[in-house]
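Here is the structure we will look at, set down as structure tokens.
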Amino acid sequence: MKCTMCHPRITQGLLPGCVEACPTEALSLVDGEYAQLARERINKYPGRYIDHIYGEREMGGTNWLYLSGVPFRTLA
């Protein structure tokens with residue numbers, strides 16, 4: 001079944017279930033500047049993430065942004 005991003009929950013002002021349930025805040029739903037939140041996380045945890053936001057510029061920008069502790073080219 002395809003994810004609908006919990007559209008009924010969002011229309012009620014609630015977070016998608018996966019975002020609400022994620023204990024490590026690995027998933028976020030942010031109104032506005034998504035890349036700003038990603039940069040804040042990179043700056044707050046410099047040893048945890050490489051200084052690159054995948055999806056910010058790749059393919060003209062994507063709907064999803066990813067942070068990683070290793071170069072994205074090494075992920076398979």
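Following the order of the structure tokens, first chain is A, next is B, and so on, with residues numbered from 1 inside each chain and ligands from 1 in the order they appear.
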
Near stretch 15-22 of chain A, within 6 Å and counting only C-alpha atoms, which residues show up once chain neighbours fewer than 3 positions away are dropped, as a PyMOL selection string? chain A and resi 5-6+10+25+27-28

Using the selection just defined, write its residues with N, CA, C and O atoms as a PDB file, in the first residue's frame.
ATOM      1  N   MET A   5       1.204   9.778   3.500  1.00  0.00           N
ATOM      2  CA  MET A   5       1.694  10.776   4.447  1.00  0.00           C
ATOM      3  C   MET A   5       0.602  11.139   5.464  1.00  0.00           C
ATOM      4  O   MET A   5       0.569  12.242   5.978  1.00  0.00           O
ATOM      5  N   CYS A   6      -0.269  10.167   5.720  1.00  0.00           N
ATOM      6  CA  CYS A   6      -1.339  10.352   6.711  1.00  0.00           C
ATOM      7  C   CYS A   6      -2.152  11.617   6.439  1.00  0.00           C
ATOM      8  O   CYS A   6      -2.400  12.431   7.338  1.00  0.00           O
ATOM      9  N   ILE A  10      -2.981  14.946   8.837  1.00  0.00           N
ATOM     10  CA  ILE A  10      -2.444  16.272   8.568  1.00  0.00           C
ATOM     11  C   ILE A  10      -3.575  17.298   8.454  1.00  0.00           C
ATOM     12  O   ILE A  10      -3.457  18.419   8.950  1.00  0.00           O
ATOM     13  N   GLU A  25      13.676  11.141  16.270  1.00  0.00           N
ATOM     14  CA  GLU A  25      13.418  12.281  15.383  1.00  0.00           C
ATOM     15  C   GLU A  25      14.130  12.137  14.043  1.00  0.00           C
ATOM     16  O   GLU A  25      14.577  13.103  13.441  1.00  0.00           O
ATOM     17  N   LEU A  27      12.662  11.229  11.429  1.00  0.00           N
ATOM     18  CA  LEU A  27      11.693  11.747  10.469  1.00  0.00           C
ATOM     19  C   LEU A  27      11.144  13.061  11.000  1.00  0.00           C
ATOM     20  O   LEU A  27      10.871  13.186  12.193  1.00  0.00           O
ATOM     21  N   SER A  28      10.977  14.027  10.118  1.00  0.00           N
ATOM     22  CA  SER A  28      10.431  15.317  10.522  1.00  0.00           C
ATOM     23  C   SER A  28       9.484  15.819   9.453  1.00  0.00           C
ATOM     24  O   SER A  28       9.673  15.552   8.269  1.00  0.00           O
TER      25      SER A  28
END

Compile the contact shell of A:Gly55 as a PyMOL selection string: residues with an atom at most 10 Å away, counting only C-alpha atoms, same-chain residues fewer than 2 positions apart removed. chain A and resi 35+52-53+57-67

Let's have the selection written as a PDB file, in the first residue's frame, with C-alpha atoms.
ATOM      1  CA  ALA A  35      17.142  22.622   4.604  1.00  0.00           C
ATOM      2  CA  HIS A  52      25.958  17.520   2.893  1.00  0.00           C
ATOM      3  CA  ILE A  53      22.177  17.514   2.611  1.00  0.00           C
ATOM      4  CA  ARG A  57      20.355  20.253  -5.006  1.00  0.00           C
ATOM      5  CA  GLU A  58      20.438  16.786  -6.592  1.00  0.00           C
ATOM      6  CA  MET A  59      18.086  16.556  -9.578  1.00  0.00           C
ATOM      7  CA  GLY A  60      17.036  20.169  -8.997  1.00  0.00           C
ATOM      8  CA  GLY A  61      15.932  19.395  -5.439  1.00  0.00           C
ATOM      9  CA  THR A  62      13.794  16.556  -4.172  1.00  0.00           C
ATOM     10  CA  ASN A  63      10.786  16.137  -1.871  1.00  0.00           C
ATOM     11  CA  TRP A  64      12.928  14.329   0.691  1.00  0.00           C
ATOM     12  CA  LEU A  65      16.142  15.492   2.336  1.00  0.00           C
ATOM     13  CA  TYR A  66      18.622  13.022   3.817  1.00  0.00           C
ATOM     14  CA  LEU A  67      21.493  13.350   6.284  1.00  0.00           C
TER      15      LEU A  67
END

Taking 3 positions as the minimum chain separation for residues in the same chain, which residues sit within 9 Å of stretch 44-49 of chain A when counting only C-alpha atoms? Answer as a VMD selection string. chain A and resid 39 to 41 52 67 to 70
